[in-house]
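As structure tokens, the structure follows; a few thoughts come after it.
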Amino acid sequence: MSRNIFIWLVICGCAAPAIALKVSIYYETLCGDTIHFFVHQFAPAYSVIRNNIHVDLVPFGKATAVNNSGTWNFTCQGGPNECHGNKVHSCVVELYHMRSPEFAICAFQSGNAASDANLQLCATENNITWSTIQECMTSGQADELHAANGIRTTSVEPEITFVPTIIYNDIFKVSLQNLSLENFFTLATFLQSNTNVEVAISSVGPIE
């Protein structure tokens, strides 16, 4: 079925009216696969189709969250530094939502998306006030946001087993996930160029 996407693009030339497409990306900041996706798939595509997609970033990944007497304790796949990075990204998504895609791209292109030095530079580049992000981190808001992202992540059906996971219009299909990792631009363009996104999503089958 994936060949149909490429055939459709060649025949139609992407001339169909663009429809806003929600793209949810569930990720963690020090995951190699996440870095690869943001740098090689999402970043180049976003520069072209940014006006036709609504980006929904969910930093948590394969972390766990436990609340002990009102205090959140997190364990992240990449260790404490990744938890820190996830929290910073969570604050940016909450407080500067419209700038969060560019911030995330900058962070992953920096070589360490959990480093405060890199994150502060990316904040500056995207007109994000770093002191506001620091306040989010120290006030406990970051913990609450990170925990909320954990609830969202563990609530996805079928269960998320790979990071990053990309979901379109809140519909999670493994075939779309696999295609996203191979050619996010082509898939996102195909979906957002259909007048009925849900029908387009359902038409995409397993990669042959």
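Every chain in the structure tokens takes a letter, A first, then B, and so on in the order presented; its residues are numbered from 1, and the ligands are numbered from 1 following the presented order.
By only C-alpha atoms, and with residues fewer than 3 positions from range 74-83 of chain A along its chain excluded, the set lying at most 9 Å from it is Glu28, Thr29, Leu30, Cys31, Phe60, Gly61, Lys62, Ala63, Thr64, Ala65, Val66, Asn67, Asn86, Lys87, Val88, Ala113, Ala114, Ser115, Asp143, His146 and Ala147 of chain A.
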Query raised in the report: If you run DSSP on the backbone, which residues of range 18-119 of chain A are strand (DSSP E), as a list of chain:residue names?
Result: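 Filtering range 18-119 of chain A down to strand (DSSP E) leaves A:Leu21, A:Lys22, A:Val23, A:Ser24, A:Ile25, A:Tyr26, A:Tyr27, A:Ile53, A:His54, A:Val55, A:Asp56, A:Leu57, A:Val58, A:Pro59, A:Thr64, A:Ala65, A:Val66, A:Asn67, A:Asn68, A:Thr71, A:Trp72, A:Asn73, A:Phe74, A:Thr75.
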Requested in this report: Grab the CA of Tyr96 in chain A to CA of Gln177 in chain A distance for me, in Å with one decimal place.
Outcome: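 Interatomic distance here is 26.5 Å.
Taking CA of Asn149 in chain A as the reference point, CA of Glu198 in chain A is found at 24.4 Å.
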Query - Separation of CA of Val93 in chain A from CA of Leu21 in chain A, in Å and rounded to one decimal - result: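 Atom-to-atom, CA of Val93 in chain A and CA of Leu21 in chain A are spaced 18.0 Å apart.
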Requested in this report: Considering only C-alpha atoms, state which residue in the set A:Arg152, A:His89, A:Lys22, A:Lys173 is at the smallest distance from Val55 in chain A.
Outcome: A:Lys22
Query raised in the report: Which residue, A:Ser131, A:Gln192, A:Ser24, A:Asn126, has the smallest gap to Val58 in chain A when you use only C-alpha atoms?
Result: A:Ser24
Query - Backbone-only DSSP, helix (DSSP H, G or I) members of range 40-195 of chain A, as a PyMOL selection string - result: chain A and resi 40-52+80-95+97-109+116-125+130-139+141-155+174-192
Query raised in the report: Do you know which residues are at most 6 Å from range 182-191 of chain A counting only C-alpha atoms, after dropping those on the same chain fewer than 6 positions away, and could you put them as a ChimeraX atom specification?
Result: /A:41,45,197,200
Limited to N, CA and C atoms, could you put the picked residues into a file as a compact mmCIF listing (two decimals), in the first residue's frame?
```
# COMPACT_ATOMS: atom_id res chain seq x y z
N GLN A 41 14.43 13.58 9.13
CA GLN A 41 13.08 13.48 8.60
C GLN A 41 12.24 14.72 8.92
N ALA A 45 11.38 18.36 6.42
CA ALA A 45 9.97 18.39 6.03
C ALA A 45 9.27 19.60 6.63
N VAL A 197 -8.81 13.46 5.92
CA VAL A 197 -7.56 12.91 6.43
C VAL A 197 -7.77 11.53 7.01
N ALA A 200 -7.80 8.99 4.37
CA ALA A 200 -6.43 8.82 3.85
C ALA A 200 -5.60 7.97 4.80
```
Please list as a PDB file with all heavy atoms, in the first residue's frame every residue within 12 Å of Leu181 in chain A, counting only C-alpha atoms and excluding residues in the same chain fewer than 5 positions away.
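result_18.pdb was written with the following content:
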```pdb
ATOM      1  N   ILE A  25       4.238  13.766  18.057  1.00  0.00           N
ATOM      2  CA  ILE A  25       5.521  13.062  18.114  1.00  0.00           C
ATOM      3  C   ILE A  25       5.834  12.757  19.570  1.00  0.00           C
ATOM      4  O   ILE A  25       6.048  13.655  20.384  1.00  0.00           O
ATOM      5  CB  ILE A  25       6.650  13.891  17.493  1.00  0.00           C
ATOM      6  CG1 ILE A  25       6.281  14.310  16.064  1.00  0.00           C
ATOM      7  CG2 ILE A  25       7.958  13.093  17.495  1.00  0.00           C
ATOM      8  CD1 ILE A  25       7.290  15.255  15.429  1.00  0.00           C
ATOM      9  N   ASP A  33      17.347   7.118  17.922  1.00  0.00           N
ATOM     10  CA  ASP A  33      16.333   7.074  16.872  1.00  0.00           C
ATOM     11  C   ASP A  33      15.539   8.375  16.812  1.00  0.00           C
ATOM     12  O   ASP A  33      15.154   8.830  15.734  1.00  0.00           O
ATOM     13  CB  ASP A  33      15.383   5.895  17.104  1.00  0.00           C
ATOM     14  CG  ASP A  33      16.058   4.552  16.871  1.00  0.00           C
ATOM     15  OD1 ASP A  33      16.760   4.418  15.853  1.00  0.00           O
ATOM     16  OD2 ASP A  33      15.902   3.653  17.712  1.00  0.00           O
ATOM     17  N   THR A  34      15.303   8.975  17.976  1.00  0.00           N
ATOM     18  CA  THR A  34      14.615  10.268  18.012  1.00  0.00           C
ATOM     19  C   THR A  34      15.460  11.348  17.344  1.00  0.00           C
ATOM     20  O   THR A  34      14.962  12.144  16.554  1.00  0.00           O
ATOM     21  CB  THR A  34      14.309  10.683  19.462  1.00  0.00           C
ATOM     22  OG1 THR A  34      13.376   9.753  20.035  1.00  0.00           O
ATOM     23  CG2 THR A  34      13.708  12.077  19.517  1.00  0.00           C
ATOM     24  N   ILE A  35      16.736  11.367  17.686  1.00  0.00           N
ATOM     25  CA  ILE A  35      17.647  12.341  17.086  1.00  0.00           C
ATOM     26  C   ILE A  35      17.644  12.197  15.562  1.00  0.00           C
ATOM     27  O   ILE A  35      17.534  13.187  14.827  1.00  0.00           O
ATOM     28  CB  ILE A  35      19.074  12.166  17.638  1.00  0.00           C
ATOM     29  CG1 ILE A  35      19.103  12.467  19.135  1.00  0.00           C
ATOM     30  CG2 ILE A  35      20.066  13.055  16.889  1.00  0.00           C
ATOM     31  CD1 ILE A  35      20.377  12.029  19.834  1.00  0.00           C
ATOM     32  N   HIS A  36      17.758  10.964  15.093  1.00  0.00           N
ATOM     33  CA  HIS A  36      17.795  10.714  13.648  1.00  0.00           C
ATOM     34  C   HIS A  36      16.511  11.197  12.982  1.00  0.00           C
ATOM     35  O   HIS A  36      16.548  11.822  11.906  1.00  0.00           O
ATOM     36  CB  HIS A  36      17.993   9.223  13.376  1.00  0.00           C
ATOM     37  CG  HIS A  36      18.222   8.898  11.931  1.00  0.00           C
ATOM     38  ND1 HIS A  36      17.190   8.691  11.036  1.00  0.00           N
ATOM     39  CD2 HIS A  36      19.376   8.774  11.213  1.00  0.00           C
ATOM     40  CE1 HIS A  36      17.683   8.433   9.843  1.00  0.00           C
ATOM     41  NE2 HIS A  36      19.003   8.493   9.914  1.00  0.00           N
ATOM     42  N   PHE A  37      15.375  10.918  13.602  1.00  0.00           N
ATOM     43  CA  PHE A  37      14.106  11.336  13.008  1.00  0.00           C
ATOM     44  C   PHE A  37      14.007  12.852  12.919  1.00  0.00           C
ATOM     45  O   PHE A  37      13.663  13.401  11.873  1.00  0.00           O
ATOM     46  CB  PHE A  37      12.925  10.787  13.814  1.00  0.00           C
ATOM     47  CG  PHE A  37      11.604  11.326  13.354  1.00  0.00           C
ATOM     48  CD1 PHE A  37      11.020  10.845  12.186  1.00  0.00           C
ATOM     49  CD2 PHE A  37      10.956  12.336  14.050  1.00  0.00           C
ATOM     50  CE1 PHE A  37       9.800  11.362  11.739  1.00  0.00           C
ATOM     51  CE2 PHE A  37       9.750  12.859  13.609  1.00  0.00           C
ATOM     52  CZ  PHE A  37       9.169  12.368  12.451  1.00  0.00           C
ATOM     53  N   PHE A  38      14.326  13.543  14.009  1.00  0.00           N
ATOM     54  CA  PHE A  38      14.198  15.003  14.003  1.00  0.00           C
ATOM     55  C   PHE A  38      15.163  15.648  13.013  1.00  0.00           C
ATOM     56  O   PHE A  38      14.800  16.606  12.320  1.00  0.00           O
ATOM     57  CB  PHE A  38      14.427  15.560  15.408  1.00  0.00           C
ATOM     58  CG  PHE A  38      13.177  15.683  16.225  1.00  0.00           C
ATOM     59  CD1 PHE A  38      12.774  14.648  17.049  1.00  0.00           C
ATOM     60  CD2 PHE A  38      12.392  16.824  16.164  1.00  0.00           C
ATOM     61  CE1 PHE A  38      11.609  14.746  17.800  1.00  0.00           C
ATOM     62  CE2 PHE A  38      11.231  16.934  16.910  1.00  0.00           C
ATOM     63  CZ  PHE A  38      10.837  15.885  17.744  1.00  0.00           C
ATOM     64  N   VAL A  39      16.378  15.136  12.951  1.00  0.00           N
ATOM     65  CA  VAL A  39      17.396  15.760  12.097  1.00  0.00           C
ATOM     66  C   VAL A  39      17.182  15.434  10.625  1.00  0.00           C
ATOM     67  O   VAL A  39      17.255  16.319   9.764  1.00  0.00           O
ATOM     68  CB  VAL A  39      18.810  15.320  12.546  1.00  0.00           C
ATOM     69  CG1 VAL A  39      19.868  15.804  11.545  1.00  0.00           C
ATOM     70  CG2 VAL A  39      19.117  15.849  13.941  1.00  0.00           C
ATOM     71  N   HIS A  40      16.886  14.171  10.321  1.00  0.00           N
ATOM     72  CA  HIS A  40      16.869  13.738   8.920  1.00  0.00           C
ATOM     73  C   HIS A  40      15.473  13.650   8.312  1.00  0.00           C
ATOM     74  O   HIS A  40      15.345  13.624   7.076  1.00  0.00           O
ATOM     75  CB  HIS A  40      17.566  12.381   8.789  1.00  0.00           C
ATOM     76  CG  HIS A  40      19.009  12.413   9.193  1.00  0.00           C
ATOM     77  ND1 HIS A  40      19.982  13.024   8.438  1.00  0.00           N
ATOM     78  CD2 HIS A  40      19.635  11.935  10.316  1.00  0.00           C
ATOM     79  CE1 HIS A  40      21.148  12.910   9.045  1.00  0.00           C
ATOM     80  NE2 HIS A  40      20.966  12.268  10.182  1.00  0.00           N
ATOM     81  N   GLN A  41      14.435  13.583   9.132  1.00  0.00           N
ATOM     82  CA  GLN A  41      13.080  13.481   8.601  1.00  0.00           C
ATOM     83  C   GLN A  41      12.240  14.718   8.922  1.00  0.00           C
ATOM     84  O   GLN A  41      11.731  15.386   8.022  1.00  0.00           O
ATOM     85  CB  GLN A  41      12.380  12.218   9.162  1.00  0.00           C
ATOM     86  CG  GLN A  41      12.984  10.905   8.699  1.00  0.00           C
ATOM     87  CD  GLN A  41      12.784  10.659   7.214  1.00  0.00           C
ATOM     88  OE1 GLN A  41      11.835  11.147   6.605  1.00  0.00           O
ATOM     89  NE2 GLN A  41      13.674   9.890   6.609  1.00  0.00           N
ATOM     90  N   PHE A  42      12.108  15.031  10.195  1.00  0.00           N
ATOM     91  CA  PHE A  42      11.199  16.099  10.586  1.00  0.00           C
ATOM     92  C   PHE A  42      11.708  17.478  10.175  1.00  0.00           C
ATOM     93  O   PHE A  42      10.947  18.280   9.611  1.00  0.00           O
ATOM     94  CB  PHE A  42      10.952  16.055  12.093  1.00  0.00           C
ATOM     95  CG  PHE A  42       9.982  17.101  12.561  1.00  0.00           C
ATOM     96  CD1 PHE A  42       8.629  16.985  12.274  1.00  0.00           C
ATOM     97  CD2 PHE A  42      10.411  18.202  13.278  1.00  0.00           C
ATOM     98  CE1 PHE A  42       7.726  17.946  12.689  1.00  0.00           C
ATOM     99  CE2 PHE A  42       9.517  19.173  13.708  1.00  0.00           C
ATOM    100  CZ  PHE A  42       8.163  19.041  13.411  1.00  0.00           C
ATOM    101  N   PHE A 162       8.146   1.838  20.594  1.00  0.00           N
ATOM    102  CA  PHE A 162       9.313   2.393  19.902  1.00  0.00           C
ATOM    103  C   PHE A 162       9.280   3.908  20.018  1.00  0.00           C
ATOM    104  O   PHE A 162       8.216   4.526  19.978  1.00  0.00           O
ATOM    105  CB  PHE A 162       9.305   1.991  18.422  1.00  0.00           C
ATOM    106  CG  PHE A 162      10.507   2.446  17.652  1.00  0.00           C
ATOM    107  CD1 PHE A 162      11.670   1.695  17.635  1.00  0.00           C
ATOM    108  CD2 PHE A 162      10.479   3.639  16.937  1.00  0.00           C
ATOM    109  CE1 PHE A 162      12.788   2.117  16.930  1.00  0.00           C
ATOM    110  CE2 PHE A 162      11.591   4.072  16.224  1.00  0.00           C
ATOM    111  CZ  PHE A 162      12.747   3.307  16.230  1.00  0.00           C
ATOM    112  N   VAL A 163      10.467   4.486  20.178  1.00  0.00           N
ATOM    113  CA  VAL A 163      10.593   5.940  20.274  1.00  0.00           C
ATOM    114  C   VAL A 163      11.557   6.404  19.187  1.00  0.00           C
ATOM    115  O   VAL A 163      12.654   5.849  19.062  1.00  0.00           O
ATOM    116  CB  VAL A 163      11.122   6.356  21.666  1.00  0.00           C
ATOM    117  CG1 VAL A 163      11.241   7.871  21.762  1.00  0.00           C
ATOM    118  CG2 VAL A 163      10.184   5.833  22.759  1.00  0.00           C
ATOM    119  N   PRO A 164      11.152   7.386  18.369  1.00  0.00           N
ATOM    120  CA  PRO A 164       9.922   8.169  18.466  1.00  0.00           C
ATOM    121  C   PRO A 164       8.731   7.437  17.858  1.00  0.00           C
ATOM    122  O   PRO A 164       8.888   6.607  16.966  1.00  0.00           O
ATOM    123  CB  PRO A 164      10.249   9.420  17.654  1.00  0.00           C
ATOM    124  CG  PRO A 164      11.154   8.891  16.565  1.00  0.00           C
ATOM    125  CD  PRO A 164      12.008   7.853  17.254  1.00  0.00           C
ATOM    126  N   THR A 165       7.544   7.771  18.337  1.00  0.00           N
ATOM    127  CA  THR A 165       6.306   7.297  17.738  1.00  0.00           C
ATOM    128  C   THR A 165       5.582   8.512  17.169  1.00  0.00           C
ATOM    129  O   THR A 165       5.445   9.531  17.853  1.00  0.00           O
ATOM    130  CB  THR A 165       5.430   6.579  18.780  1.00  0.00           C
ATOM    131  OG1 THR A 165       5.995   5.288  19.057  1.00  0.00           O
ATOM    132  CG2 THR A 165       4.007   6.393  18.263  1.00  0.00           C
ATOM    133  N   ILE A 166       5.133   8.385  15.923  1.00  0.00           N
ATOM    134  CA  ILE A 166       4.471   9.494  15.239  1.00  0.00           C
ATOM    135  C   ILE A 166       3.027   9.100  14.969  1.00  0.00           C
ATOM    136  O   ILE A 166       2.757   8.036  14.387  1.00  0.00           O
ATOM    137  CB  ILE A 166       5.196   9.856  13.922  1.00  0.00           C
ATOM    138  CG1 ILE A 166       6.646  10.277  14.217  1.00  0.00           C
ATOM    139  CG2 ILE A 166       4.481  10.999  13.217  1.00  0.00           C
ATOM    140  CD1 ILE A 166       7.653   9.165  14.221  1.00  0.00           C
ATOM    141  N   ILE A 167       2.104   9.942  15.421  1.00  0.00           N
ATOM    142  CA  ILE A 167       0.676   9.662  15.318  1.00  0.00           C
ATOM    143  C   ILE A 167      -0.011  10.820  14.583  1.00  0.00           C
ATOM    144  O   ILE A 167       0.271  11.986  14.867  1.00  0.00           O
ATOM    145  CB  ILE A 167       0.058   9.474  16.709  1.00  0.00           C
ATOM    146  CG1 ILE A 167       0.713   8.272  17.409  1.00  0.00           C
ATOM    147  CG2 ILE A 167      -1.454   9.282  16.622  1.00  0.00           C
ATOM    148  CD1 ILE A 167       0.241   8.052  18.828  1.00  0.00           C
ATOM    149  N   VAL A 174       0.554   1.307  12.932  1.00  0.00           N
ATOM    150  CA  VAL A 174       1.946   0.873  12.791  1.00  0.00           C
ATOM    151  C   VAL A 174       2.458   1.150  11.382  1.00  0.00           C
ATOM    152  O   VAL A 174       3.616   1.531  11.192  1.00  0.00           O
ATOM    153  CB  VAL A 174       2.084  -0.623  13.142  1.00  0.00           C
ATOM    154  CG1 VAL A 174       3.500  -1.113  12.860  1.00  0.00           C
ATOM    155  CG2 VAL A 174       1.735  -0.862  14.612  1.00  0.00           C
ATOM    156  N   SER A 175       1.603   0.990  10.374  1.00  0.00           N
ATOM    157  CA  SER A 175       2.034   1.240   8.991  1.00  0.00           C
ATOM    158  C   SER A 175       2.429   2.698   8.812  1.00  0.00           C
ATOM    159  O   SER A 175       3.426   3.013   8.140  1.00  0.00           O
ATOM    160  CB  SER A 175       0.915   0.870   8.012  1.00  0.00           C
ATOM    161  OG  SER A 175      -0.290   1.559   8.328  1.00  0.00           O
ATOM    162  N   LEU A 176       1.670   3.624   9.415  1.00  0.00           N
ATOM    163  CA  LEU A 176       2.014   5.040   9.327  1.00  0.00           C
ATOM    164  C   LEU A 176       3.295   5.332  10.099  1.00  0.00           C
ATOM    165  O   LEU A 176       4.124   6.139   9.662  1.00  0.00           O
ATOM    166  CB  LEU A 176       0.873   5.890   9.886  1.00  0.00           C
ATOM    167  CG  LEU A 176      -0.450   5.856   9.124  1.00  0.00           C
ATOM    168  CD1 LEU A 176      -1.493   6.714   9.834  1.00  0.00           C
ATOM    169  CD2 LEU A 176      -0.273   6.335   7.698  1.00  0.00           C
ATOM    170  N   THR A 186       6.929  12.734   2.589  1.00  0.00           N
ATOM    171  CA  THR A 186       6.004  12.194   1.600  1.00  0.00           C
ATOM    172  C   THR A 186       4.693  11.787   2.252  1.00  0.00           C
ATOM    173  O   THR A 186       3.604  12.089   1.736  1.00  0.00           O
ATOM    174  CB  THR A 186       6.625  10.985   0.878  1.00  0.00           C
ATOM    175  OG1 THR A 186       7.808  11.409   0.204  1.00  0.00           O
ATOM    176  CG2 THR A 186       5.664  10.387  -0.129  1.00  0.00           C
ATOM    177  N   LEU A 187       4.767  11.123   3.393  1.00  0.00           N
ATOM    178  CA  LEU A 187       3.561  10.671   4.068  1.00  0.00           C
ATOM    179  C   LEU A 187       2.733  11.849   4.566  1.00  0.00           C
ATOM    180  O   LEU A 187       1.510  11.906   4.348  1.00  0.00           O
ATOM    181  CB  LEU A 187       3.918   9.753   5.238  1.00  0.00           C
ATOM    182  CG  LEU A 187       2.744   9.268   6.089  1.00  0.00           C
ATOM    183  CD1 LEU A 187       1.734   8.512   5.240  1.00  0.00           C
ATOM    184  CD2 LEU A 187       3.231   8.402   7.246  1.00  0.00           C
ATOM    185  N   ALA A 188       3.375  12.793   5.241  1.00  0.00           N
ATOM    186  CA  ALA A 188       2.641  13.943   5.776  1.00  0.00           C
ATOM    187  C   ALA A 188       2.006  14.754   4.652  1.00  0.00           C
ATOM    188  O   ALA A 188       0.869  15.226   4.773  1.00  0.00           O
ATOM    189  CB  ALA A 188       3.569  14.817   6.610  1.00  0.00           C
ATOM    190  N   ILE A 207       3.829  -1.616   4.885  1.00  0.00           N
ATOM    191  CA  ILE A 207       4.869  -1.401   3.873  1.00  0.00           C
ATOM    192  C   ILE A 207       5.129  -2.724   3.168  1.00  0.00           C
ATOM    193  O   ILE A 207       5.329  -3.744   3.797  1.00  0.00           O
ATOM    194  CB  ILE A 207       6.161  -0.879   4.505  1.00  0.00           C
ATOM    195  CG1 ILE A 207       5.907   0.479   5.165  1.00  0.00           C
ATOM    196  CG2 ILE A 207       7.276  -0.780   3.481  1.00  0.00           C
ATOM    197  CD1 ILE A 207       7.115   1.021   5.908  1.00  0.00           C
TER     198      ILE A 207
END
```
**Report entry** Polymer residues at most 9 Å from Pro101 in chain A, only C-alpha atoms, same-chain spacing of 5 or more positions, as a list in words
**Finding:**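 Counting only C-alpha atoms, the residues come to Ala43, Tyr46, Val55, Asp56, Leu57, Val93 and Cys106 of chain A.
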Based on the selection just made, write N, CA and C atoms of those residues as a PDB file, in the first residue's frame.
```
ATOM      1  N   ALA A  43      12.961  17.782  10.457  1.00  0.00           N
ATOM      2  CA  ALA A  43      13.485  19.130  10.195  1.00  0.00           C
ATOM      3  C   ALA A  43      13.343  19.549   8.732  1.00  0.00           C
ATOM      4  N   TYR A  46       9.552  19.894   7.888  1.00  0.00           N
ATOM      5  CA  TYR A  46       8.869  20.986   8.574  1.00  0.00           C
ATOM      6  C   TYR A  46       9.132  22.323   7.891  1.00  0.00           C
ATOM      7  N   VAL A  55       1.798  20.669  14.950  1.00  0.00           N
ATOM      8  CA  VAL A  55       2.762  19.796  15.617  1.00  0.00           C
ATOM      9  C   VAL A  55       2.450  19.713  17.111  1.00  0.00           C
ATOM     10  N   ASP A  56       2.361  18.492  17.599  1.00  0.00           N
ATOM     11  CA  ASP A  56       2.042  18.187  18.990  1.00  0.00           C
ATOM     12  C   ASP A  56       3.190  17.353  19.560  1.00  0.00           C
ATOM     13  N   LEU A  57       4.073  17.989  20.323  1.00  0.00           N
ATOM     14  CA  LEU A  57       5.247  17.312  20.849  1.00  0.00           C
ATOM     15  C   LEU A  57       4.966  16.768  22.248  1.00  0.00           C
ATOM     16  N   VAL A  93       7.140  23.372  25.266  1.00  0.00           N
ATOM     17  CA  VAL A  93       5.895  23.006  24.584  1.00  0.00           C
ATOM     18  C   VAL A  93       4.702  23.687  25.253  1.00  0.00           C
ATOM     19  N   CYS A 106      16.219  22.602  16.678  1.00  0.00           N
ATOM     20  CA  CYS A 106      17.497  23.195  17.061  1.00  0.00           C
ATOM     21  C   CYS A 106      18.198  22.332  18.110  1.00  0.00           C
TER      22      CYS A 106
END
```
Report task. Find, counting only C-alpha atoms, the residue in A:Ile49, A:Glu94, A:Arg99, A:Ile171 that gets nearest to Ile133 in chain A. Result ->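 Between A:Ile49, A:Glu94, A:Arg99, A:Ile171, the residue approaching Ile133 in chain A most closely is A:Glu94.
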Query raised in the report: Between A:Asn118, A:Ser110, A:His54, A:Phe172, which has the minimum distance to Val156 in chain A (counting only C-alpha atoms)?
Result: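 Looking only at the distances to Val156 in chain A, the closest residue turns out to be A:Phe172.
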